[in-house]
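Okay, structure first, notes after.
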Protein chains: 2
Amino acid sequence: MDTIMLEHGSGGRMMHSLIRDVFVKGFDSPHLRKYEDSAVLEIMDKKIVFTTDSYVVDPIFFPGGDIGMLSVAGTVNDIAVMGAIPNFISCGLILEEGFSREDLQKIVDSMKQAADKSSCTIVTGDTKVVDRGKVDKIFINTSAIGTMIDGVSLSKESIKPGDKILINGFIGDHGIAVLSKREGMEFGTSIKSDVQPLNMLIKELLSNGLTIRFMRDPTRGGIATTLNEICDGMGFGIELFEEMIPVRDEVRGYCELLGLDPLYVANEGKVIAVVGREDSDKALEIMKRHPDGEAAAFIGEITEENAGTVSLRTTIGSHRIVDMLSGAQLPRIC
Amino acid sequence: MDTIMLEHGSGGRMMHSLIRDVFVKGFDSPHLRKYEDSAVLEIMDKKIVFTTDSYVVDPIFFPGGDIGMLSVAGTVNDIAVMGAIPNFISCGLILEEGFSREDLQKIVDSMKQAADKSSCTIVTGDTKVVDRGKVDKIFINTSAIGTMIDGVSLSKESIKPGDKILINGFIGDHGIAVLSKREGMEFGTSIKSDVQPLNMLIKELLSNGLTIRFMRDPTRGGIATTLNEICDGMGFGIELFEEMIPVRDEVRGYCELLGLDPLYVANEGKVIAVVGREDSDKALEIMKRHPDGEAAAFIGEITEENAGTVSLRTTIGSHRIVDMLSGAQLPRIC
C-alpha cells in the first residue's frame, strides 16, 4: 500500500516501520536513531531532554479527563521516564472554525491544572484556525523541555536477567474510558481515564538511591507494545505473570465484550519500571506510598531465555508469546 | 460570538485578544505575558530559546515550497529573530488516513533540506493518523530550541526615534504564491513563496558589532501587523515610505486583482530589523551581500510622533494610518 493507514498511527509494528523507513532515514539524525520518545541533547555541556506529542483524542472530553489534561500529562510523562525533570511546555493548538469558546476555556484550564500538578510552566504557544470540516474540533501539540536528574542514567543496555518489572497501578483504564464514551457506552460504568502527570512519582522513585534500570510509559499499544519495545533486539526476554497484572474487573469485562486484550489497551498515567532485583521491594513500597501509585504491582521479570520476546505465564500456568500490536486496535485514543 | 472564527487564527487583532483573554490569562505564565513567538528560558544559568508552530497551509505543495520546508524554516526563523542560534527541532505530524506515502516522503525530504540549510537537527518526533475526513491531508507541528548568541540582547524597549527599519527583500511573495495555487491561478505567473530559513543572514547581521535593536519575521498578517506589534503600547511611532517597500510588480498586480494590500500579505522568508541610525547603511550592505537578502531595503524609521501607530507616507506624499490586520485576510497561509 502506498498510502497512510490508521495502523501507521497505532503505536504498533506498522508505526515502527513508518518511523524507521521514512523519518529516521529521511531526517538522518543520530537522536532519532535511538527510537526514543524524547531526545537527550547537550546544550552548552548541560543535558536536557526534548520531546513532542500531538493529541487527537476523540472524544475530547472523556471520563476522568480531557484533551487538555492529556496533552500536558502525556508530554510531561515522556520527559519524566527519561529520568528528567520536566520544566517548560509549549502549546500548539489547531482549532476548527466554530469551536466553542467555552470548551476551549475548559481545555485551557485542564492544561493549566496538569501543568501545576507537574510543576511545569507553559511558556510559548501557537494557534491556528482552519475552516469547518478541515479538522475535527481541536488538535493539540505539546512539546517539552526537561533537565536530566543528576546522577541518573537509565538505559535498556543496563537491564539484566533477574531484574523486576513494576507498574504503578491498573492497566487499560484510559483506553476503555475513551472508547466507552466514544461508543456511547459510558453510562452505568465507573471507568475513568488514568491520565495524570507521573513526574512526581518518578522523581520520588529516582531519589532514593535504588537501582532503577529503565522506565517507559505504556500509552498507545498498551503494556504489550511497550514491553516489546524494551526487549526488542536485546539479549534478554521478559516474562509477565498474568495473575499479577492489575486490571479492574470492569475493564476486563469491557475488553471481553469488545474482543480487546487489556495488555494492548492504552494507559496515560502508568509507568513501567525495570528495577534491580535487590531493590524491587523498596521500589514497590515507594510507588504504593505515593498517591499516583497506590495499586502498584510487580508484574514480571527479565529472563535470560527467550531473548527479544515477551512471554506471558497465564493464570493456568501455560505460556504464550505477547507480540507487539500489529494493527490499529483503537485509533484516536490520545 | 461564543465560537472560534477563522479570524482568531489570522495573526491580527482577534487572534491577539484570544491569546490575551484565554491563553495568557488561563496559563498564567510570566513567559506568555511577553507576547513573543518564542520564550527565553533560563536552564541551569544558560539562556535558551523555545518556540512552537503548527502548519496547516493549503495547498501543501505551492510554488517555491511545501508544508515541510515551511514547517522547519518558519520555526527556525522564530528562534533566529530572538538573536539566537536554532539547534534542535521536533516534528509532530498529524496525517489523514489515505495520505500518499510519496507525498509524505517529499515533505520529509523538504524538512531535511531546510534543517540542513539552517544547520539544525530534527531530534524527536511524533506521528498520529486520524480517520479520513477528520484532518485535511497533513498538519505539522515543529518546536525548536536555540541558544542565545553571547552578548546579543534585542528588545522593543531599546528602540529609539531615528532608528531605521530594514527588510531583506520583496514582501507578499509567500501569501500570493499560496493563494494563486489554491485558486488555480498560478499558471503563467512566476511568483514563488519566499520560504527560507533566515538564521544564517541574521547571524551575519548580529556578528558585526552593529546596533541591532530588534527583529521580527513578518508572517501571518504581513509587515503591517508585525510593525504594529512592534510599536503597540510603546512611546514611539513608525513611519513607512511606500515607494521604498520592495513589492514585485506581479504581486502588486495580483493584490489589485484580489483587493488585497501587500502590507498585510504573509511572508515566510523575511525579517524586519530595527537598526540604530548610525549603523543602518552597514546593516543594509550586509543584508544585500547575503544570498537571502539581495533585494534588502530601508523601508521606514522610528518616529517620536504618533506613538503606538504605524503611518505610511504614500508615493504621492500623503499619510495614512496602517492598522493591524483586523479580519481573516488569507486563512491557512502557513
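By convention here, the chains of the C-alpha cells are called A, B, ... in the order presented, each chain's residues are numbered starting at 1, and ligands are numbered starting at 1 in the order presented.
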
Need the shell around region 309-317 of chain A: protein/DNA/RNA residues with any atom at most 10 Å away, counting only C-alpha atoms. Skip same-chain ones fewer than 4 positions apart. Format as a list in words? Ala224, Thr225, Leu227, Asn228, Glu229, Ile230, Cys231, Asp232, Gly233, Met234, Gly235, Phe236, Gly237, Ile238, Glu239, Leu240, Phe241, Glu242, Glu243, Met244, Gly300, Ile302, Thr303, Glu305, Ile321, Val322, Asp323 and Met324 of chain A

Neighbours of chain B in chain A at 6 Å, counting only C-alpha atoms, as JSON, numbers by chain: {"A": [2, 3, 4, 5, 6, 9, 27, 31, 32, 38, 39, 52, 53, 97, 98, 99, 100, 101, 112, 123, 124, 125, 126, 128, 129, 134, 135, 136]}

Could the residues in this selection be written to a file with C-alpha atoms, as a JSON list (two decimals), in the first residue's frame?
[["chain", "number", "residue", "atom", "x", "y", "z"],
["A", 2, "ASP", "CA", 1.28, 3.43, -0.91],
["A", 3, "THR", "CA", -0.97, 5.32, 1.44],
["A", 4, "ILE", "CA", -1.02, 6.01, 5.13],
["A", 5, "MET", "CA", -3.39, 3.81, 7.09],
["A", 6, "LEU", "CA", -4.78, 4.15, 10.59],
["A", 9, "GLY", "CA", -0.53, 5.74, 13.99],
["A", 27, "PHE", "CA", 15.86, 13.13, 8.68],
["A", 31, "HIS", "CA", 19.00, 11.29, 18.01],
["A", 32, "LEU", "CA", 16.17, 9.72, 16.05],
["A", 38, "SER", "CA", 12.36, 12.03, 23.75],
["A", 39, "ALA", "CA", 15.78, 13.25, 22.69],
["A", 52, "THR", "CA", 6.91, 16.42, 21.31],
["A", 53, "ASP", "CA", 3.44, 14.86, 21.06],
["A", 97, "GLU", "CA", -13.87, 27.22, 12.87],
["A", 98, "GLY", "CA", -16.98, 27.22, 15.05],
["A", 99, "PHE", "CA", -15.34, 25.51, 18.04],
["A", 100, "SER", "CA", -16.91, 26.54, 21.32],
["A", 101, "ARG", "CA", -15.09, 29.21, 23.36],
["A", 112, "LYS", "CA", -3.05, 24.67, 33.48],
["A", 123, "VAL", "CA", 5.90, 29.16, 28.16],
["A", 124, "THR", "CA", 5.10, 29.53, 24.47],
["A", 125, "GLY", "CA", 2.30, 28.71, 22.07],
["A", 126, "ASP", "CA", 0.72, 28.99, 18.66],
["A", 128, "LYS", "CA", -4.18, 28.07, 14.04],
["A", 129, "VAL", "CA", -7.82, 28.06, 12.97],
["A", 134, "LYS", "CA", -10.93, 20.51, 7.85],
["A", 135, "VAL", "CA", -10.03, 19.39, 11.36],
["A", 136, "ASP", "CA", -12.10, 17.51, 13.93]]

List every residue of region 45-289 of chain B that DSSP, applied to the backbone of this structure, assigns to alpha helix (DSSP H), and report them as a ChimeraX atom specification. /B:67-80,101-117,173-182,199-206,222-231,249-258,280-289

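The space between CA of Ile149 (chain B) and CA of Asp45 (chain B) spans 14.3 Å.
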
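If you look at CA of Val274 (chain A) and CA of Val247 (chain A), they are 19.6 Å away from each other.
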
Just asking: which residues within region 163-253 of chain A are strand (DSSP E or B) according to DSSP, as an MDAnalysis selection string? chainID A and resid 164:167 212:216 237:241

Within 10 Å of region 173-192 of chain B, which residues of region 61-146 of chain B come that close, and what is the closest atom pair and distance in Å for each? Count only C-alpha atoms and give it as a tab-separated table.
residue	atom	partner	partner_atom	distance
B:Phe61	CA	B:Val178	CA	8.5
B:Phe62	CA	B:Val178	CA	5.6
B:Pro63	CA	B:Lys192	CA	4.8
B:Gly64	CA	B:Lys192	CA	4.6
B:Gly65	CA	B:Lys192	CA	7.9
B:Asp66	CA	B:Val178	CA	9.5

Kindly give the distance, in Å, that separates CA of Leu205 (chain B) and CA of Leu263 (chain B), rounded to a single decimal. 24.1 Å

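Proximity ranking of A:Ala266, A:Glu256, A:Arg220, A:Arg213 relative to Gly162 (chain A) places A:Arg213 first, based on only C-alpha atoms.
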
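Within the 9 Å cut-off around Ala114 (chain A), using only C-alpha atoms and omitting residues fewer than 2 positions from it on the same chain, the listed residues are Gly68, Met69, Leu70, Ser71, Val72, Ala73, Asp109, Ser110, Met111, Lys112, Asp116, Lys117, Ser118, Ser119, Cys120, Gln196 and Pro197 of chain A.
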
Write to file, as a short mmCIF file (atom, residue, chain, number, x, y, z; two decimals), in the first residue's frame, the residues of the selection just made, with all heavy atoms.
data_model
loop_
_atom_site.label_atom_id
_atom_site.label_comp_id
_atom_site.auth_asym_id
_atom_site.auth_seq_id
_atom_site.Cartn_x
_atom_site.Cartn_y
_atom_site.Cartn_z
N GLY A 68 -7.03 18.44 26.98
CA GLY A 68 -6.09 19.40 27.57
C GLY A 68 -5.20 18.76 28.62
O GLY A 68 -3.97 18.86 28.57
N MET A 69 -5.83 18.06 29.54
CA MET A 69 -5.07 17.37 30.58
C MET A 69 -4.13 16.35 29.97
O MET A 69 -2.96 16.24 30.35
CB MET A 69 -6.06 16.69 31.52
CG MET A 69 -5.38 15.98 32.68
SD MET A 69 -6.57 15.54 33.96
CE MET A 69 -7.20 17.18 34.36
N LEU A 70 -4.66 15.59 29.00
CA LEU A 70 -3.87 14.58 28.30
C LEU A 70 -2.63 15.20 27.65
O LEU A 70 -1.54 14.64 27.71
CB LEU A 70 -4.77 13.98 27.21
CG LEU A 70 -4.35 12.70 26.55
CD1 LEU A 70 -4.25 11.60 27.58
CD2 LEU A 70 -5.38 12.31 25.47
N SER A 71 -2.82 16.36 27.04
CA SER A 71 -1.73 16.96 26.26
C SER A 71 -0.58 17.42 27.14
O SER A 71 0.56 17.46 26.69
CB SER A 71 -2.25 18.12 25.41
OG SER A 71 -2.56 19.23 26.21
N VAL A 72 -0.88 17.77 28.37
CA VAL A 72 0.21 18.16 29.27
C VAL A 72 0.78 16.93 29.98
O VAL A 72 1.99 16.69 29.97
CB VAL A 72 -0.25 19.22 30.30
CG1 VAL A 72 0.80 19.45 31.36
CG2 VAL A 72 -0.57 20.52 29.57
N ALA A 73 -0.11 16.08 30.53
CA ALA A 73 0.36 14.91 31.28
C ALA A 73 1.16 13.97 30.38
O ALA A 73 2.24 13.49 30.77
CB ALA A 73 -0.82 14.17 31.90
N ASP A 109 -8.03 25.39 30.97
CA ASP A 109 -7.99 25.22 32.43
C ASP A 109 -7.42 23.85 32.82
O ASP A 109 -6.65 23.74 33.78
CB ASP A 109 -9.39 25.40 33.02
CG ASP A 109 -9.89 26.85 32.89
OD1 ASP A 109 -9.05 27.74 32.63
OD2 ASP A 109 -11.10 27.08 33.04
N SER A 110 -7.78 22.82 32.07
CA SER A 110 -7.22 21.49 32.34
C SER A 110 -5.72 21.45 32.11
O SER A 110 -4.98 20.79 32.85
CB SER A 110 -7.84 20.45 31.41
OG SER A 110 -9.16 20.23 31.72
N MET A 111 -5.28 22.13 31.05
CA MET A 111 -3.84 22.16 30.76
C MET A 111 -3.10 22.83 31.90
O MET A 111 -2.05 22.37 32.36
CB MET A 111 -3.56 22.91 29.44
CG MET A 111 -4.08 22.18 28.21
SD MET A 111 -3.68 23.03 26.64
CE MET A 111 -1.92 22.64 26.47
N LYS A 112 -3.68 23.93 32.38
CA LYS A 112 -3.05 24.67 33.48
C LYS A 112 -2.99 23.80 34.74
O LYS A 112 -1.98 23.75 35.44
CB LYS A 112 -3.86 25.95 33.72
CG LYS A 112 -3.52 26.71 34.98
CD LYS A 112 -2.19 27.42 34.88
CE LYS A 112 -2.01 28.38 36.05
NZ LYS A 112 -0.72 28.22 36.72
N ASP A 116 0.32 22.69 36.61
CA ASP A 116 0.55 22.97 38.03
C ASP A 116 0.89 21.69 38.79
O ASP A 116 1.82 21.67 39.59
CB ASP A 116 -0.68 23.62 38.66
CG ASP A 116 -0.84 25.08 38.24
OD1 ASP A 116 0.13 25.63 37.66
OD2 ASP A 116 -1.91 25.66 38.49
N LYS A 117 0.15 20.63 38.52
CA LYS A 117 0.38 19.38 39.24
C LYS A 117 1.79 18.87 38.99
O LYS A 117 2.41 18.25 39.84
CB LYS A 117 -0.65 18.31 38.85
CG LYS A 117 -0.56 17.11 39.80
CD LYS A 117 -1.42 15.91 39.51
CE LYS A 117 -0.89 14.76 40.40
NZ LYS A 117 -1.44 13.47 40.08
N SER A 118 2.31 19.14 37.80
CA SER A 118 3.64 18.64 37.48
C SER A 118 4.73 19.71 37.65
O SER A 118 5.86 19.49 37.25
CB SER A 118 3.64 18.09 36.05
OG SER A 118 3.16 19.05 35.14
N SER A 119 4.35 20.85 38.23
CA SER A 119 5.31 21.94 38.44
C SER A 119 6.01 22.39 37.17
O SER A 119 7.22 22.65 37.16
CB SER A 119 6.37 21.56 39.48
OG SER A 119 5.80 21.55 40.75
N CYS A 120 5.26 22.42 36.07
CA CYS A 120 5.79 22.88 34.79
C CYS A 120 5.16 24.22 34.44
O CYS A 120 4.08 24.54 34.94
CB CYS A 120 5.39 21.92 33.69
SG CYS A 120 6.36 20.46 33.69
N GLN A 196 -2.67 11.29 34.11
CA GLN A 196 -2.07 12.07 35.20
C GLN A 196 -0.58 12.25 34.92
O GLN A 196 0.05 11.40 34.31
CB GLN A 196 -2.25 11.37 36.55
CG GLN A 196 -1.64 9.97 36.61
CD GLN A 196 -1.76 9.32 37.98
OE1 GLN A 196 -2.14 9.95 38.94
NE2 GLN A 196 -1.43 8.04 38.07
N PRO A 197 -0.03 13.38 35.37
CA PRO A 197 1.42 13.54 35.26
C PRO A 197 2.10 12.62 36.27
O PRO A 197 1.66 12.52 37.41
CB PRO A 197 1.66 15.01 35.63
CG PRO A 197 0.32 15.64 35.82
CD PRO A 197 -0.68 14.55 35.99
#
